[in-house]
Each structure stands twice: as structure tokens, then as C-alpha cells.
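Visitor: Before I ask anything, let me first share the structure, which is written out below as C-alpha cells.
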Amino acid sequence: MTAKRSDLKRQLLEKARRRPSHRAQPDSAPALEAPPPGGRVPERFVSFEAHPGFQQLAMMREGAQQLGLVDPFFKVHEGLAGATSVIDGRECLNFASYNYLGYSGDARVVKAAADAASHYGTSVSASRVVSGERPIHAELERAIAATYGVEDAVAFVSGHATNVSTLGYLLGPKDLVLHDEYIHNSSLVGAQLSGAKRMWFGHNDPDALETLLERHRGQFERVIVVIEGLYSMDGDIPDLPRFIELKKRHQVWLMVDEAHSFGVMGDTGLGLREHFAIDPTDVDIWMGTMSKTLSGCGGYIAGSRALVETLRYFAPGFLYSVGMPAQVAAPSLKVLELMPQEPERVQKLQEIARYFLTRAQALGMDTGHSIGSAVVPVIVGSSPLAAKLSHALFERDINVQPILYPAVPEKSARLRFFLSCEHERAQIDATLDALAGLLAENA
């Protein structure tokens, strides 16, 4: 990198650091800057072009252009996105989709969606609580509950809204939310909406959580601990038994977000509870999404009947949202039927993910703390380099997304690979060989 580019990079990073970070921080009241009474409102409070978000986007685009980088986002996939995908008319190896078990596009799953749309129409046309309820909703929720071995489940039309609405409704100003520092944005927004006090603990650090519980548990009424089953930035998992032990000892709720771990972890893909062989009722709130393994869209909460009934009648994101379209519910229901019959898909996914991890490490790549289960990052330590590598791989018909600052710390900028049971070893070898060559060129 030339001195000019190095200086530009430092300038861009300094500007970005002045912007609000998306990384979890304890809640605090923002400083207010109100317009003077009776005076003209400053343009920055009126113009969308002056909004900090747009300003940051403009700064990032300008910097990328000066560095000769191409925007890696919003690529248009022209058909099914599986182990391969057609982008810009070219068939590419694809490592940027959540189609972990390859069910999105499976003829049986597609037929289930088509049959449901034919029978119920393309929309249920109302909130479920009024006149949007259809038999397929209850069938899906019973199947989710049975899969988890708990009393009940409720399906939301949005995965993000599932966490926002659940945490936002269940907690209040006298309560406390404790969460992993790498928790998903949806949980952060839900905690903020609730008005509860919020604190984060170090990533996958139950000792740090224990310290917070010992110090703060007695100051609040309800306390909830929120963790993920498989962290989508790092590809690692929590020590669930230890978190359960802390939850029981300190009498708090434990919520596990299984957006990426269901269908991936465990011998048959039943998630973190199967991986650790724990009693499913030891976790108070199981959350998951249907947009990944389950090949639909939306989210779910599974747990006790009292929890689910409370959310069904009072959670705003469920109560005031239109019911899930039947053709969206049907694929997830079909996948839940097929998964127990086809455990080889899970086994193939786990085998190919371990192969990717082992081969990448053998080539000297930094894979962080990934356990080699569907998500494997290759950490390159520089946002411009990550973007450059992503573009160079795409020119070689390999699609992988870069994860840049401020989504992760600048020194942790990375390429993030999502694996599928449909990937083959030859595809992994070709990809990692290409990346190894590019890394050598940019060393």
C-alpha cells in the first residue's frame, strides 16, 4: 500500500470512529442539541442528505472510490442461491447464503409453498389475532414446539422483529438485560425498547457474566441473559451448560438465539440443546429464524405455554403484524418434516465445514475462534483489504462477503464464509487456493 493510500485509510478510519458504533454498549442518555426557540431549524435537522447515516455512507463511498474499491454489497442473485449462484449472468461459487441444508429450492419444499399459496392465497390479509389465523400457522408452531421438546411456540413474520418484540414486551424499567457483547442488533433494539437497564459481558465469557450477576442481580426485578447458539461473525458457540448453571443459581431467565445454530449443531441438526445434550426446559426462551435452515422467512419463540400465550396476545410485533403468508409457513413446516428423515444433510454440512476450517488453517489463514460449523471467517485485519479480496475473488467467480469496520473492529475485518451441505471439497480447495494466492500478493 502506498503512503498516500495509507494516509487516506487512516483519515477514513478516524472519521468512521467519530460516528456512532453498532457495537453493543451500555445504555446512556444522549446529549441533546435542540434548535433555538423560535429560530430557524438548522439544515442538518431537516435534510436527509445531512443525516449522520447518509453522511457516513457518502464518506465510505468516497473513500472506497479513492482506494479503487468496488461496493461489494447488494449483489443481485438471479436464481436459487445455494452452493452456486448466478450473479451478473455468471455462475459463481457462493459462500454468502444461509441455505445450510440445501432445502431452499428442494422440489418438495417448493411444492409445499406452491400448494399453500394455491389453497390459502398469497396473503392471509389480517393480523392473526383478528381474522388472519390459518390452520397452517398452528401446524407450524406445534412442529417447532415438538422439535424443541417444549410446550408451545409462536411464529412471527420477521426474525428481527421476533427479538425486538419479545424483549421489548417482556422487560421493563425495573429489569436488567445482560447480553454477550457480540449479540445481534435485534436483541439490542429489543432491550432498548423495553426501557430495561442493559449491560454486556465479554464474548462467550460466563465468568464475566457471573461477576455482573453477583454485583447487580439484587438491584432488579426480572433479569434476562441473552446469548446466541452460533455467532454468525465468528462461527463459535457458547458454553451452554455453564450459562444454564448461572441462570439457575441467580434465578434469571436465559434466552438463546438459534438463528444460525438450528439445523447446524447436533447430530441431527436440532441445535445447541442436542449438541450439549441438555434438557430443553433448562432454557427459558428459545428463539430462531426460519430464513436459514428452515427455508422460509420470519422468526419463532419456543418455550413454556405461559411465555408463548403472553407473546401471542401482547407482543406488538405479533399482535399488530399481518399473519405469516401460508406459502412462507409451508416451506418451514416441510423442512421440519424432512430433517429427521435426512440426517445425512447435517452430517455433510458438518464434514464440509470442518474440512474448510482445517484446510484454511493449514494454509496459514486466521480463522479466529470458529469451530468449523457452517460459519468460518478468514480474518485479514483491514477493511480495505477485505473489500479488495472480496472483489478479486468475485472476478474469479467466487462470491464471499467482506465484513468491515464498524461491524467488527478494524483489526478484525474479514471475509465471512457460509457453508452448505451442497458444497464439495473441490470447490473448497479452489476457493482457498485462490484466496491464498491473493493474500500472498497483498502481503
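Identifiers for the C-alpha cells are assigned positionally: chains receive A, B, ... in sequence, residues are indexed from 1 per chain, and ligands are indexed from 1 in the order shown.
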Give me every strand (DSSP E or B) residue in range 276-322 of chain A, going by DSSP on the backbone, as a list in words.

Guide: Ile285, Trp286, Met287, Gly288, Thr289, Gly299, Tyr300, Ile301, Ala302, Gly303 and Val322 of chain A

Visitor: The selected residues should be written to file as a PDB file, in the first residue's frame (atoms: C-alpha atoms).

Guide:
```pdb
ATOM      1  CA  ILE A 285     -36.670 -18.764  25.749  1.00  0.00           C
ATOM      2  CA  TRP A 286     -35.559 -20.468  22.555  1.00  0.00           C
ATOM      3  CA  MET A 287     -35.514 -18.091  19.614  1.00  0.00           C
ATOM      4  CA  GLY A 288     -34.850 -18.937  15.991  1.00  0.00           C
ATOM      5  CA  THR A 289     -35.383 -17.762  12.450  1.00  0.00           C
ATOM      6  CA  GLY A 299     -38.847 -15.959  13.451  1.00  0.00           C
ATOM      7  CA  TYR A 300     -40.142 -18.011  16.350  1.00  0.00           C
ATOM      8  CA  ILE A 301     -40.117 -18.214  20.123  1.00  0.00           C
ATOM      9  CA  ALA A 302     -40.392 -21.622  21.786  1.00  0.00           C
ATOM     10  CA  GLY A 303     -40.805 -22.326  25.489  1.00  0.00           C
ATOM     11  CA  VAL A 322     -50.236  -9.354   9.456  1.00  0.00           C
TER      12      VAL A 322
END
```

Visitor: For Val76 in chain A, find every residue with an atom within 10 Å (counting only C-alpha atoms), except residues of its own chain fewer than 5 positions away, and show them as number ranges by chain.

Guide: A: 85-89

Visitor: Can you pull out every residue within 7 Å of range 181-193 of chain A, counting only C-alpha atoms, but drop anything in the same chain fewer than 3 positions away, and send it as a ChimeraX atom specification?

Guide: /A:24,160,163-165,167-168,177,196,198,200-203,227-228

Visitor: For Leu357 in chain A, which of A:Val70, A:Ile428, A:Ala277, A:Val408 is the closest residue, counting only C-alpha atoms?

Guide: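 Using only C-alpha atoms, the shortest distance to Leu357 in chain A belongs to A:Ile428.
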
Visitor: So, with only C-alpha atoms as the atoms that count, which of A:Arg359, A:His250, A:Lys334, A:Arg273 lies closest to Asp429 in chain A?

Guide: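 The closest residue to Asp429 in chain A is A:Arg359.
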
Visitor: For the contact check between range 62-120 of chain A and range 232-246 of chain A, emit one row per residue of range 62-120 of chain A within 12 Å, containing the shortest atom pair and the distance in Å rounded to one decimal, counting only C-alpha atoms, chain then rising number order, as a Markdown table.

Guide:
```
| residue | atom | partner | partner_atom | distance |
| --- | --- | --- | --- | --- |
| A:Ala96 | CA | A:Ser232 | CA | 11.6 |
| A:Ser97 | CA | A:Ser232 | CA | 11.7 |
| A:Tyr98 | CA | A:Ser232 | CA | 10.2 |
```

Visitor: Of the candidates A:Val256, A:Ala81, A:Ala330, A:Leu336, which one gets nearest to Ala146 in chain A if we count only C-alpha atoms?

Guide: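 Of all the options, A:Leu336 lies closest to Ala146 in chain A.
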
Visitor: For Glu395 in chain A, work out the shell of residues within 12 Å, counting only C-alpha atoms and skipping chain neighbours fewer than 5 positions away, then give it as a ChimeraX atom specification.

Guide: /A:70,72,87-88,90-93,388-390,400,434-435,438
